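Trainee: Have a peek at structure_27.csv (CSV, C-alpha atoms and all ligand atoms).
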```
chain,number,residue,atom,x,y,z
O,1,MET,CA,-11.4,-9.0,-39.7
O,2,LEU,CA,-9.1,-8.7,-36.7
O,3,ALA,CA,-7.8,-5.4,-35.5
O,4,PRO,CA,-4.1,-5.1,-36.5
O,5,ARG,CA,-1.6,-4.8,-33.8
O,6,GLY,CA,-0.8,-1.2,-32.8
O,7,ALA,CA,-4.4,-0.3,-33.5
O,8,VAL,CA,-5.5,3.1,-32.3
O,9,CYS,CA,-8.8,4.7,-31.5
O,10,LEU,CA,-9.9,8.2,-32.1
O,11,LEU,CA,-12.8,9.9,-30.4
O,12,ALA,CA,-15.4,11.9,-32.3
O,13,ALA,CA,-18.2,13.1,-30.0
O,14,SER,CA,-19.2,10.0,-28.2
O,15,VAL,CA,-18.3,7.7,-31.1
O,16,VAL,CA,-15.0,6.0,-31.1
O,17,LEU,CA,-13.3,5.0,-34.3
O,18,CYS,CA,-11.1,2.0,-33.9
O,19,THR,CA,-9.3,-0.4,-36.2
O,20,ALA,CA,-11.4,-3.3,-37.3
O,21,GLY,CA,-14.3,-4.6,-35.3
O,22,LEU,CA,-18.1,-4.9,-35.2
O,23,ARG,CA,-21.2,-3.1,-34.2
O,24,SER,CA,-23.0,-4.0,-31.1
O,25,ASP,CA,-24.6,-2.5,-28.1
O,26,ALA,CA,-23.1,-3.5,-24.8
O,27,SER,CA,-26.3,-2.7,-22.9
O,28,ARG,CA,-28.5,-5.2,-24.7
O,29,PRO,CA,-29.8,-8.0,-22.6
O,30,ALA,CA,-27.8,-11.2,-23.0
O,31,ALA,CA,-30.8,-13.2,-24.1
O,32,ALA,CA,-31.2,-11.1,-27.3
O,33,ILE,CA,-27.7,-11.9,-28.5
O,34,SER,CA,-26.6,-14.2,-31.3
O,35,LEU,CA,-23.8,-13.9,-33.8
O,36,ASP,CA,-26.3,-12.6,-36.3
O,37,ASP,CA,-26.3,-9.4,-34.3
O,38,TYR,CA,-22.8,-8.7,-35.3
O,39,GLU,CA,-22.5,-7.1,-38.7
O,40,ASP,CA,-19.4,-6.3,-40.7
O,41,ASP,CA,-18.8,-2.6,-41.3
O,42,ASP,CA,-18.8,-1.4,-44.9
O,43,ASP,CA,-15.3,-0.2,-44.5
O,44,ASP,CA,-13.6,-3.2,-43.1
O,45,SER,CA,-10.5,-1.3,-42.0
O,46,SER,CA,-12.3,0.4,-39.1
O,47,PHE,CA,-15.2,0.1,-36.8
O,48,SER,CA,-17.1,2.5,-34.6
O,49,PHE,CA,-18.8,2.0,-31.3
O,50,THR,CA,-20.6,4.2,-29.0
O,51,PHE,CA,-18.4,5.3,-26.2
O,52,PRO,CA,-19.9,3.7,-23.1
O,53,ASP,CA,-21.4,6.0,-20.6
O,54,THR,CA,-18.9,5.6,-17.8
O,55,GLY,CA,-20.3,8.3,-15.6
O,56,ALA,CA,-16.8,9.4,-14.8
O,57,ARG,CA,-16.5,13.2,-14.5
O,58,GLY,CA,-13.2,15.1,-14.9
O,59,LEU,CA,-11.4,12.7,-17.2
O,60,ALA,CA,-10.5,13.9,-20.7
O,61,PHE,CA,-8.8,12.9,-23.9
O,62,GLY,CA,-5.3,14.3,-24.1
O,63,PHE,CA,-5.4,15.7,-20.5
O,64,TYR,CA,-1.7,16.2,-20.7
O,65,ASP,CA,-1.5,17.8,-24.1
O,66,GLU,CA,-0.5,21.2,-22.6
O,67,THR,CA,1.3,20.1,-19.5
O,68,CYS,CA,3.2,17.0,-20.7
O,69,PRO,CA,2.7,16.6,-24.4
O,70,ASP,CA,4.9,13.5,-24.7
O,71,ALA,CA,3.3,11.7,-21.7
O,72,GLU,CA,1.5,9.0,-23.7
O,73,GLU,CA,4.4,8.5,-26.0
O,74,ILE,CA,6.8,8.1,-23.0
O,75,VAL,CA,4.4,5.5,-21.5
O,76,SER,CA,4.0,3.5,-24.8
O,77,SER,CA,7.7,3.6,-25.7
O,78,THR,CA,8.7,2.4,-22.2
O,79,VAL,CA,6.1,-0.3,-22.2
O,80,ARG,CA,7.5,-1.5,-25.6
O,81,ARG,CA,11.0,-1.5,-24.3
O,82,LEU,CA,10.0,-3.5,-21.2
O,83,PHE,CA,8.0,-5.9,-23.3
O,84,HIS,CA,10.8,-6.6,-25.7
O,85,ALA,CA,13.1,-7.3,-22.7
O,86,ASP,CA,10.4,-9.6,-21.1
O,87,PRO,CA,7.0,-10.2,-22.8
O,88,ASN,CA,5.6,-11.4,-19.5
O,89,VAL,CA,5.4,-7.8,-18.4
O,90,ALA,CA,2.2,-7.2,-20.5
O,91,ALA,CA,0.1,-9.6,-18.6
O,92,ALA,CA,1.4,-8.3,-15.3
O,93,LEU,CA,0.5,-4.7,-16.1
O,94,VAL,CA,-3.0,-5.7,-17.3
O,95,ARG,CA,-3.7,-7.5,-14.1
O,96,LEU,CA,-2.2,-4.8,-12.0
O,97,PHE,CA,-4.6,-2.3,-13.6
O,98,PHE,CA,-7.6,-4.5,-12.9
O,99,HIS,CA,-6.6,-5.0,-9.3
O,100,ASP,CA,-6.2,-1.2,-8.9
O,101,CYS,CA,-9.5,-0.2,-10.4
O,102,PHE,CA,-11.6,-2.9,-8.6
O,103,ILE,CA,-10.7,-1.6,-5.2
O,104,HIS,CA,-11.8,2.0,-4.6
O,105,GLY,CA,-11.5,2.9,-8.2
O,106,CYS,CA,-8.5,3.6,-10.5
O,107,ASP,CA,-6.4,5.7,-8.1
O,108,ALA,CA,-3.1,3.7,-8.0
O,109,SER,CA,-3.8,2.7,-4.4
O,110,VAL,CA,-2.6,-0.8,-5.3
O,111,LEU,CA,0.9,0.5,-5.9
O,112,LEU,CA,1.4,1.9,-2.4
O,113,ASP,CA,3.9,0.3,0.1
O,114,ARG,CA,3.1,-0.1,3.8
O,115,VAL,CA,3.4,3.1,5.8
O,116,ASP,CA,4.1,3.1,9.6
O,117,GLY,CA,3.2,-0.6,9.8
O,118,ARG,CA,-0.2,-0.1,8.2
O,119,LYS,CA,-0.9,-2.9,5.7
O,120,SER,CA,-1.0,-1.9,2.1
O,121,GLU,CA,-3.3,-3.4,-0.6
O,122,ARG,CA,-0.3,-5.4,-1.7
O,123,ASP,CA,-0.4,-7.3,1.6
O,124,ALA,CA,-3.9,-8.6,1.0
O,125,ALA,CA,-4.1,-12.2,-0.2
O,126,PRO,CA,-5.5,-11.5,-3.8
O,127,ASN,CA,-2.7,-9.0,-4.4
O,128,GLN,CA,0.3,-10.9,-3.1
O,129,SER,CA,1.0,-12.5,-6.5
O,130,LEU,CA,0.8,-9.2,-8.5
O,131,ARG,CA,3.8,-8.3,-10.5
O,132,GLY,CA,4.8,-5.3,-12.6
O,133,PHE,CA,5.4,-2.7,-9.8
O,134,GLY,CA,9.0,-2.1,-11.0
O,135,ALA,CA,7.8,-1.6,-14.6
O,136,ILE,CA,5.4,1.1,-13.4
O,137,GLU,CA,8.1,2.9,-11.5
O,138,GLN,CA,10.4,2.8,-14.5
O,139,ILE,CA,7.7,4.5,-16.6
O,140,LYS,CA,7.0,7.0,-13.9
O,141,ALA,CA,10.7,7.9,-13.5
O,142,ARG,CA,10.9,8.7,-17.2
O,143,LEU,CA,7.8,10.9,-16.9
O,144,GLU,CA,9.2,12.7,-13.8
O,145,ALA,CA,12.3,13.4,-15.8
O,146,ALA,CA,10.3,15.0,-18.6
O,147,CYS,CA,7.5,16.7,-16.6
O,148,PRO,CA,8.0,16.6,-12.9
O,149,GLY,CA,4.9,16.2,-10.7
O,150,THR,CA,2.5,16.2,-13.6
O,151,VAL,CA,1.4,12.7,-14.6
O,152,SER,CA,-0.4,10.5,-12.1
O,153,CYS,CA,0.5,6.9,-11.4
O,154,ALA,CA,-3.2,6.1,-11.9
O,155,ASP,CA,-2.9,7.3,-15.5
O,156,VAL,CA,0.4,5.5,-16.0
O,157,LEU,CA,-1.4,2.2,-15.0
O,158,ALA,CA,-4.3,2.9,-17.4
O,159,LEU,CA,-2.1,3.8,-20.3
O,160,ALA,CA,0.4,1.0,-19.7
O,161,ALA,CA,-2.4,-1.6,-19.5
O,162,ARG,CA,-3.8,-0.5,-22.8
O,163,ASP,CA,-0.4,-0.4,-24.5
O,164,SER,CA,0.4,-3.8,-23.1
O,165,LEU,CA,-2.8,-5.3,-24.5
O,166,VAL,CA,-2.0,-3.9,-27.9
O,167,LEU,CA,1.4,-5.5,-27.8
O,168,VAL,CA,-0.1,-8.9,-27.1
O,169,GLY,CA,-2.5,-8.5,-30.0
O,170,GLY,CA,-5.5,-7.4,-27.9
O,171,PRO,CA,-7.9,-4.7,-29.0
O,172,SER,CA,-6.9,-1.0,-28.5
O,173,PHE,CA,-9.3,1.2,-26.7
O,174,PRO,CA,-9.4,4.9,-25.9
O,175,VAL,CA,-8.0,5.9,-22.5
O,176,LEU,CA,-9.2,9.1,-21.0
O,177,THR,CA,-6.7,10.7,-18.6
O,178,GLY,CA,-6.7,13.1,-15.7
O,179,ARG,CA,-6.9,10.6,-12.9
O,180,ARG,CA,-5.1,11.5,-9.7
O,181,ASP,CA,-3.5,9.3,-7.1
O,182,SER,CA,-5.0,8.4,-3.7
O,183,ALA,CA,-3.1,9.3,-0.6
O,184,ARG,CA,-3.7,5.9,1.0
O,185,GLY,CA,-4.4,2.3,0.3
O,186,PHE,CA,-7.5,0.2,1.2
O,187,TYR,CA,-6.2,-3.0,2.5
O,188,ASP,CA,-9.4,-4.0,4.3
O,189,GLU,CA,-11.5,-3.7,1.1
O,190,VAL,CA,-9.4,-6.1,-1.0
O,191,GLU,CA,-10.4,-9.6,0.2
O,192,PRO,CA,-14.1,-8.9,0.5
O,193,HIS,CA,-14.3,-7.6,-3.1
O,194,PHE,CA,-12.1,-10.0,-5.0
O,195,PRO,CA,-13.7,-13.4,-5.8
O,196,GLY,CA,-11.2,-16.3,-5.2
O,197,PRO,CA,-9.8,-18.5,-8.0
O,198,ASN,CA,-12.3,-21.2,-7.0
O,199,ALA,CA,-15.3,-18.9,-6.9
O,200,THR,CA,-18.6,-20.1,-8.3
O,201,TYR,CA,-19.9,-18.2,-11.3
O,202,ALA,CA,-22.5,-16.6,-9.0
O,203,ALA,CA,-19.8,-15.2,-6.7
O,204,THR,CA,-17.7,-14.0,-9.6
O,205,LEU,CA,-20.7,-12.3,-11.3
O,206,ASP,CA,-21.8,-10.8,-8.0
O,207,ALA,CA,-18.3,-9.2,-7.6
O,208,PHE,CA,-18.5,-7.7,-11.0
O,209,ALA,CA,-22.1,-6.6,-10.6
O,210,ARG,CA,-21.1,-4.7,-7.4
O,211,ARG,CA,-18.8,-2.7,-9.6
O,212,GLY,CA,-21.5,-2.1,-12.2
O,213,PHE,CA,-20.6,-4.7,-14.8
O,214,THR,CA,-23.1,-6.9,-16.6
O,215,GLU,CA,-22.6,-10.6,-17.1
O,216,ARG,CA,-21.5,-10.0,-20.7
O,217,GLU,CA,-18.9,-7.5,-19.6
O,218,ALA,CA,-17.6,-9.9,-16.8
O,219,VAL,CA,-17.3,-12.8,-19.3
O,220,ALA,CA,-15.5,-10.4,-21.7
O,221,LEU,CA,-13.1,-9.1,-19.1
O,222,LEU,CA,-12.1,-12.6,-18.0
O,223,GLY,CA,-10.8,-13.1,-21.6
O,224,ALA,CA,-7.7,-11.3,-20.2
O,225,HIS,CA,-6.9,-14.8,-18.8
O,226,SER,CA,-5.8,-15.8,-22.3
O,227,ILE,CA,-2.4,-14.2,-21.4
O,228,GLY,CA,0.0,-14.6,-18.6
O,229,LYS,CA,0.7,-17.3,-16.1
O,230,VAL,CA,-1.0,-18.9,-13.2
O,231,ARG,CA,0.9,-20.5,-10.4
O,232,CYS,CA,0.0,-24.1,-9.3
O,233,ARG,CA,-1.1,-23.0,-5.9
O,234,PHE,CA,-4.2,-21.4,-7.5
O,235,PHE,CA,-5.4,-24.7,-9.0
O,236,ARG,CA,-3.6,-27.6,-7.3
O,237,ASP,CA,-6.7,-28.5,-5.2
O,238,ARG,CA,-8.5,-29.1,-8.5
O,239,ILE,CA,-6.1,-31.8,-9.9
O,240,TYR,CA,-5.4,-34.2,-7.0
O,241,ASP,CA,-8.1,-34.3,-4.4
O,242,PHE,CA,-10.9,-32.0,-5.4
O,243,ALA,CA,-13.3,-31.3,-2.5
O,244,GLY,CA,-12.3,-34.5,-0.7
O,245,THR,CA,-13.3,-36.7,-3.7
O,246,GLY,CA,-9.8,-38.2,-3.9
O,247,GLY,CA,-9.7,-37.3,-7.6
O,248,PRO,CA,-9.6,-34.3,-9.9
O,249,ASP,CA,-12.4,-31.8,-10.4
O,250,ASP,CA,-14.6,-33.6,-12.9
O,251,SER,CA,-15.2,-30.4,-14.8
O,252,ILE,CA,-11.6,-30.6,-16.1
O,253,ASP,CA,-11.0,-32.4,-19.4
O,254,PRO,CA,-8.8,-35.6,-18.5
O,255,ASP,CA,-6.0,-34.6,-20.9
O,256,MET,CA,-5.9,-31.2,-19.2
O,257,VAL,CA,-5.6,-32.8,-15.8
O,258,GLY,CA,-2.4,-34.4,-17.1
O,259,GLU,CA,-1.1,-31.1,-18.5
O,260,MET,CA,-1.9,-29.3,-15.2
O,261,ARG,CA,-0.2,-32.0,-13.1
O,262,ALA,CA,2.9,-31.9,-15.4
O,263,ALA,CA,3.1,-28.1,-15.1
O,264,CYS,CA,3.1,-28.4,-11.4
O,265,GLY,CA,5.8,-31.1,-11.4
O,266,GLY,CA,3.7,-33.9,-9.8
O,267,GLU,CA,2.0,-34.1,-6.5
O,268,ASP,CA,5.1,-34.8,-4.4
O,269,GLU,CA,7.1,-32.0,-6.1
O,270,ASP,CA,4.3,-29.5,-6.2
O,271,ASP,CA,5.0,-26.6,-3.9
O,272,GLY,CA,2.5,-24.3,-5.6
O,273,ALA,CA,5.1,-22.0,-7.2
O,274,ALA,CA,5.4,-23.5,-10.7
O,275,PRO,CA,3.7,-21.4,-13.3
O,276,MET,CA,1.4,-22.7,-16.1
O,277,GLU,CA,0.8,-20.6,-19.2
O,278,MET,CA,-2.7,-19.3,-19.4
O,279,GLY,CA,-2.8,-20.5,-23.0
O,280,TYR,CA,-1.6,-17.6,-25.1
O,281,TYR,CA,1.5,-19.5,-25.9
O,282,ARG,CA,-0.1,-22.9,-25.7
O,283,GLN,CA,2.5,-25.6,-26.5
O,284,GLY,CA,4.9,-23.0,-27.6
O,285,ARG,CA,2.6,-21.6,-30.3
O,286,GLU,CA,1.2,-18.1,-30.1
O,287,VAL,CA,-2.6,-18.6,-30.3
O,288,GLY,CA,-3.8,-15.0,-29.8
O,289,PHE,CA,-5.6,-12.9,-27.3
O,290,GLY,CA,-9.1,-14.1,-26.4
O,291,ALA,CA,-9.6,-16.6,-29.2
O,292,HIS,CA,-8.2,-19.5,-27.5
O,293,TYR,CA,-9.5,-18.9,-24.0
O,294,TYR,CA,-13.2,-19.3,-24.7
O,295,ALA,CA,-12.7,-22.4,-26.9
O,296,GLU,CA,-10.7,-24.0,-24.2
O,297,LEU,CA,-13.4,-23.3,-21.6
O,298,LEU,CA,-15.9,-25.1,-23.8
O,299,GLU,CA,-13.6,-28.1,-23.8
O,300,GLY,CA,-13.2,-28.2,-20.0
O,301,ARG,CA,-9.7,-26.8,-20.2
O,302,GLY,CA,-10.0,-23.7,-18.0
O,303,ILE,CA,-7.1,-23.6,-15.5
O,304,LEU,CA,-8.9,-21.7,-12.7
O,305,ARG,CA,-12.1,-23.1,-11.5
O,306,SER,CA,-13.6,-19.6,-11.5
O,307,ASP,CA,-12.9,-19.4,-15.2
O,308,GLN,CA,-14.3,-22.9,-15.9
O,309,GLN,CA,-17.4,-21.9,-14.0
O,310,LEU,CA,-18.4,-19.6,-16.8
O,311,THR,CA,-19.6,-22.7,-18.7
O,312,ALA,CA,-21.7,-23.8,-15.7
O,313,ALA,CA,-24.5,-21.2,-16.1
O,314,GLY,CA,-26.7,-20.5,-19.0
O,315,SER,CA,-26.3,-16.8,-18.7
O,316,THR,CA,-22.6,-16.9,-19.0
O,317,VAL,CA,-22.0,-19.9,-21.3
O,318,ARG,CA,-23.9,-18.2,-24.0
O,319,TRP,CA,-21.2,-15.5,-24.1
O,320,VAL,CA,-18.5,-18.0,-23.9
O,321,ARG,CA,-20.0,-19.7,-27.0
O,322,VAL,CA,-20.4,-16.4,-28.9
O,323,TYR,CA,-16.8,-15.4,-28.2
O,324,ALA,CA,-15.5,-19.0,-29.1
O,325,SER,CA,-17.3,-19.1,-32.5
O,326,GLY,CA,-14.6,-18.5,-35.0
O,327,GLU,CA,-13.5,-15.2,-36.5
O,328,GLN,CA,-16.8,-13.5,-35.9
O,329,GLY,CA,-16.9,-14.5,-32.3
O,330,GLN,CA,-13.4,-13.2,-31.9
O,331,GLU,CA,-14.4,-9.9,-33.3
O,332,ALA,CA,-17.4,-9.7,-31.0
O,333,PHE,CA,-15.1,-10.4,-28.1
O,334,ARG,CA,-12.6,-7.7,-29.1
O,335,GLU,CA,-15.3,-5.1,-29.2
O,336,ASP,CA,-16.9,-6.2,-25.9
O,337,PHE,CA,-13.5,-6.4,-24.2
O,338,ALA,CA,-12.6,-2.9,-25.4
O,339,HIS,CA,-15.9,-1.5,-24.1
O,340,ALA,CA,-15.5,-3.3,-20.7
O,341,MET,CA,-11.9,-2.0,-20.4
O,342,VAL,CA,-13.1,1.6,-21.0
O,343,ARG,CA,-15.7,1.1,-18.2
O,344,LEU,CA,-13.1,-0.5,-15.9
O,345,SER,CA,-10.8,2.4,-16.5
O,346,ALA,CA,-13.4,4.9,-15.4
O,347,LEU,CA,-14.2,3.4,-12.1
O,348,SER,CA,-14.4,6.1,-9.4
O,349,PRO,CA,-11.4,8.2,-10.5
O,350,LEU,CA,-10.0,11.0,-8.3
O,351,THR,CA,-10.1,14.1,-10.5
O,352,GLY,CA,-9.7,17.9,-10.2
O,353,SER,CA,-8.2,18.8,-6.9
O,354,ALA,CA,-8.9,15.4,-5.2
O,355,GLY,CA,-6.0,13.2,-4.3
O,356,GLN,CA,-2.4,14.0,-5.4
O,357,ILE,CA,0.2,13.3,-8.1
O,358,ARG,CA,2.8,11.0,-6.5
O,359,ILE,CA,6.4,11.3,-7.5
O,360,THR,CA,7.2,7.7,-6.7
O,361,CYS,CA,4.2,5.4,-7.2
O,362,ALA,CA,4.9,3.3,-4.2
O,363,ARG,CA,4.9,6.3,-1.8
O,364,ALA,CA,2.2,8.8,-1.2
O,365,ILE,CA,3.2,12.4,-0.6
O,366,GLN,CA,2.9,12.8,3.1
O,367,ARG,CA,0.5,15.2,4.5
O,368,PRO,CA,-1.8,14.9,7.5
O,369,LEU,CA,-4.8,12.7,6.7
O,370,THR,CA,-8.3,14.1,7.1
O,371,THR,CA,-10.6,12.4,9.6
O,372,ALA,CA,-12.4,10.7,6.7
O,373,GLU,CA,-9.2,9.3,5.2
O,374,ASN,CA,-7.8,8.1,8.5
O,375,THR,CA,-10.2,5.2,8.9
O,376,PHE,CA,-8.4,2.0,7.9
I,401,LIG,C1,-12.6,-11.7,-10.8
I,401,LIG,C2,-12.2,-12.8,-11.2
I,401,LIG,C3,-10.7,-13.1,-11.3
I,401,LIG,C4,-10.0,-14.0,-10.6
I,401,LIG,C5,-10.5,-15.0,-9.5
I,401,LIG,C6,-8.7,-14.0,-11.1
I,401,LIG,C7,-7.6,-14.7,-10.6
I,401,LIG,C8,-6.4,-14.8,-11.1
I,401,LIG,C9,-5.3,-15.6,-10.6
I,401,LIG,C10,-5.4,-16.6,-9.4
I,401,LIG,C11,-4.2,-15.4,-11.4
I,401,LIG,C12,-2.8,-16.1,-11.3
I,401,LIG,C13,-1.9,-15.3,-10.5
I,401,LIG,C14,-0.5,-15.9,-10.3
I,401,LIG,O1,-0.4,-17.1,-10.5
I,401,LIG,O2,0.4,-15.1,-10.1
I,401,LIG,C15,-4.6,-14.4,-12.4
I,401,LIG,C16,-3.8,-13.9,-13.4
I,401,LIG,C17,-4.1,-13.0,-14.3
I,401,LIG,N1,-5.3,-12.2,-14.3
I,401,LIG,FE1,-6.9,-12.6,-13.2
I,401,LIG,N2,-8.6,-13.0,-12.0
I,401,LIG,C18,-9.8,-12.5,-12.2
I,401,LIG,C19,-10.1,-11.5,-13.1
I,401,LIG,C20,-9.3,-10.8,-14.0
I,401,LIG,C21,-9.6,-9.7,-14.8
I,401,LIG,C22,-10.9,-9.1,-14.9
I,401,LIG,C23,-8.4,-9.4,-15.5
I,401,LIG,C24,-8.2,-8.3,-16.5
I,401,LIG,C25,-9.1,-7.5,-17.1
I,401,LIG,C26,-7.4,-10.3,-15.1
I,401,LIG,C27,-6.1,-10.4,-15.6
I,401,LIG,C28,-5.2,-11.3,-15.3
I,401,LIG,C29,-3.9,-11.5,-16.0
I,401,LIG,C30,-3.5,-10.7,-17.2
I,401,LIG,C31,-3.3,-12.5,-15.3
I,401,LIG,C32,-1.8,-13.0,-15.6
I,401,LIG,C33,-0.9,-12.2,-14.8
I,401,LIG,C34,0.6,-12.6,-14.9
I,401,LIG,O3,1.0,-13.4,-15.7
I,401,LIG,O4,1.4,-12.0,-14.1
I,401,LIG,N3,-7.9,-11.2,-14.2
I,401,LIG,N4,-5.9,-14.0,-12.2
```
Go ahead and express the file in the form of structure tokens.
Ligand code: HEM

Mentor:
Amino acid sequence: MLAPRGAVCLLAASVVLCTAGLRSDASRPAAAISLDDYEDDDDDSSFSFTFPDTGARGLAFGFYDETCPDAEEIVSSTVRRLFHADPNVAAALVRLFFHDCFIHGCDASVLLDRVDGRKSERDAAPNQSLRGFGAIEQIKARLEAACPGTVSCADVLALAARDSLVLVGGPSFPVLTGRRDSARGFYDEVEPHFPGPNATYAATLDAFARRGFTEREAVALLGAHSIGKVRCRFFRDRIYDFAGTGGPDDSIDPDMVGEMRAACGGEDEDDGAAPMEMGYYRQGREVGFGAHYYAELLEGRGILRSDQQLTAAGSTVRWVRVYASGEQGQEAFREDFAHAMVRLSALSPLTGSAGQIRITCARAIQRPLTTAENTF
């Protein structure tokens, strides 16, 4: 039973009620998992899961209920409007949120422009291909019109990512609010903490582990790569002359090599800019969020080497197999993905009187930096 689009989650104590899904415990060791561990709920119109212990203090459900009661509706209606004008915005917003939270927590530092020649996070190589900044500013402008200086850019990112996922058929998950925005970016931290698109599974898992994610959570989060586009520059070295072999990466299915070369326009024409669909709209057909991604990996059809690497290690391929195994696997994925997104959204938020509420997301409110902050 797949969760219907537009699914919502309600919180009761630490148990979250969501539209359809399965029971599982995200903290179980991977070795103990098989599809038999996933049982259907009696009531197949909803599922419950234990709200992961995120350790985040100061976030709350409905943080803006008193100060900006329409905040979440303003975000979701604007995301819907943007999505109907350009469905690609959903993938862009999900990625933007991940890139924000992974560096110094979910504090909207990724949105900041350069200041006084100081490089911003956007200048760092892993962030140069991010999109969606204009969409975030549009949402923020509507919020400023309704409730000036109240809703943080960090919360806009979190809510917009969740709403985007629902629009592309992904699982809904509860988003706590009350994050505040950082006054500065963290350019120097970006490259060391993001694994590259050719990373080995060990490097990818290590990057996630440093942020407290298990292998299972890492494999689930990478299911986000079932939506959006990837430019040829991120995989061209796999399809023509991989590692000096004179041929393609032999972990790629031969038919897929052809598709990847065609998407890039051929070796002579390939300037790295052409985009290839991650697979959500494979061959013009909508194939769903998550379902297709893992099945494709098992067939050697991962576009990024770092994705394909998930099938190279026993500890990760077991999750790829679980998530690829039909309807039950898809349900398992949706629940694990929702859990992992909740944990992602709680990475080191600024709360209480820390940080600030920016008016424009690209610009911090200027004030003298403390000594601790002034160490780029
Ligand atoms: C840590 C390992 C990861 C690597 C190496 C990686 C790398 C990449 C690369 C190279 C692209 C293509 C960018 C472009 O061509 O413009 C991409 C796109 C994307 N990534 Fe990741 N990514 C990782 C993890 C994640 C995670 C955890 C998420 C979300 C939870 C995510 C969400 C996305 C989305 C939605 C897109 C499509 C963006 C668009 O169409 O604009 N990625 N990623």

Trainee: Given all atoms listed in the file as the basis, pick out the residue of O:Ala332, O:Ala346, O:Ala274, O:Cys106 nearest to ligand LIG 401 (chain I).

Mentor: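 Of O:Ala332, O:Ala346, O:Ala274, O:Cys106, the one nearest ligand LIG 401 (chain I), counting all atoms listed in the file, is O:Ala274.
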
Trainee: Between O:Ala209, O:Ile227, O:Ile357, O:Leu297, which has the minimum distance to ligand LIG 401 (chain I) (counting all atoms listed in the file)?

Mentor: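 Nearest to ligand LIG 401 (chain I): O:Ile227.
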
Trainee: Kindly compile the residues surrounding ligand LIG 401 (chain I) within 6 Å, counting all atoms listed in the file, and format them as a list in words.

Mentor: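 Listed by chain and ascending number, the contacts are Ala91, Ala92, Val94, Arg95, Phe98, Ser129, Arg131, Pro195, Gly196, Pro197, Thr204, Leu221, Leu222, Ala224, His225, Ile227, Gly228, Lys229, Val230, Arg231, Phe234 and Ser306 of chain O.
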
Trainee: I need the residue nearest O:Gly170 from this list: O:Gly300, O:Gly314, O:Gly288, O:Gly62. Use all atoms listed in the file for the distance.

Mentor: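 Ranked by minimum distance to O:Gly170, first place goes to O:Gly288.
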
Trainee: In Å to one decimal, how far is atom CA of O:Ala202 from atom CA of O:Gly105?

Mentor: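 Between atom CA of O:Gly105 and atom CA of O:Ala202 the gap is 22.4 Å.
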
Trainee: Nearest to O:Asp53: which of O:Met260, O:Val190, O:Ala340, O:Leu298 is it, counting all atoms listed in the file?

Mentor: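 Of O:Met260, O:Val190, O:Ala340, O:Leu298, the one nearest O:Asp53, counting all atoms listed in the file, is O:Ala340.
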
Trainee: Using Å and a single decimal, report how far atom CA of O:Asp181 sits from atom CA of O:Leu350.

Mentor: 6.8 Å
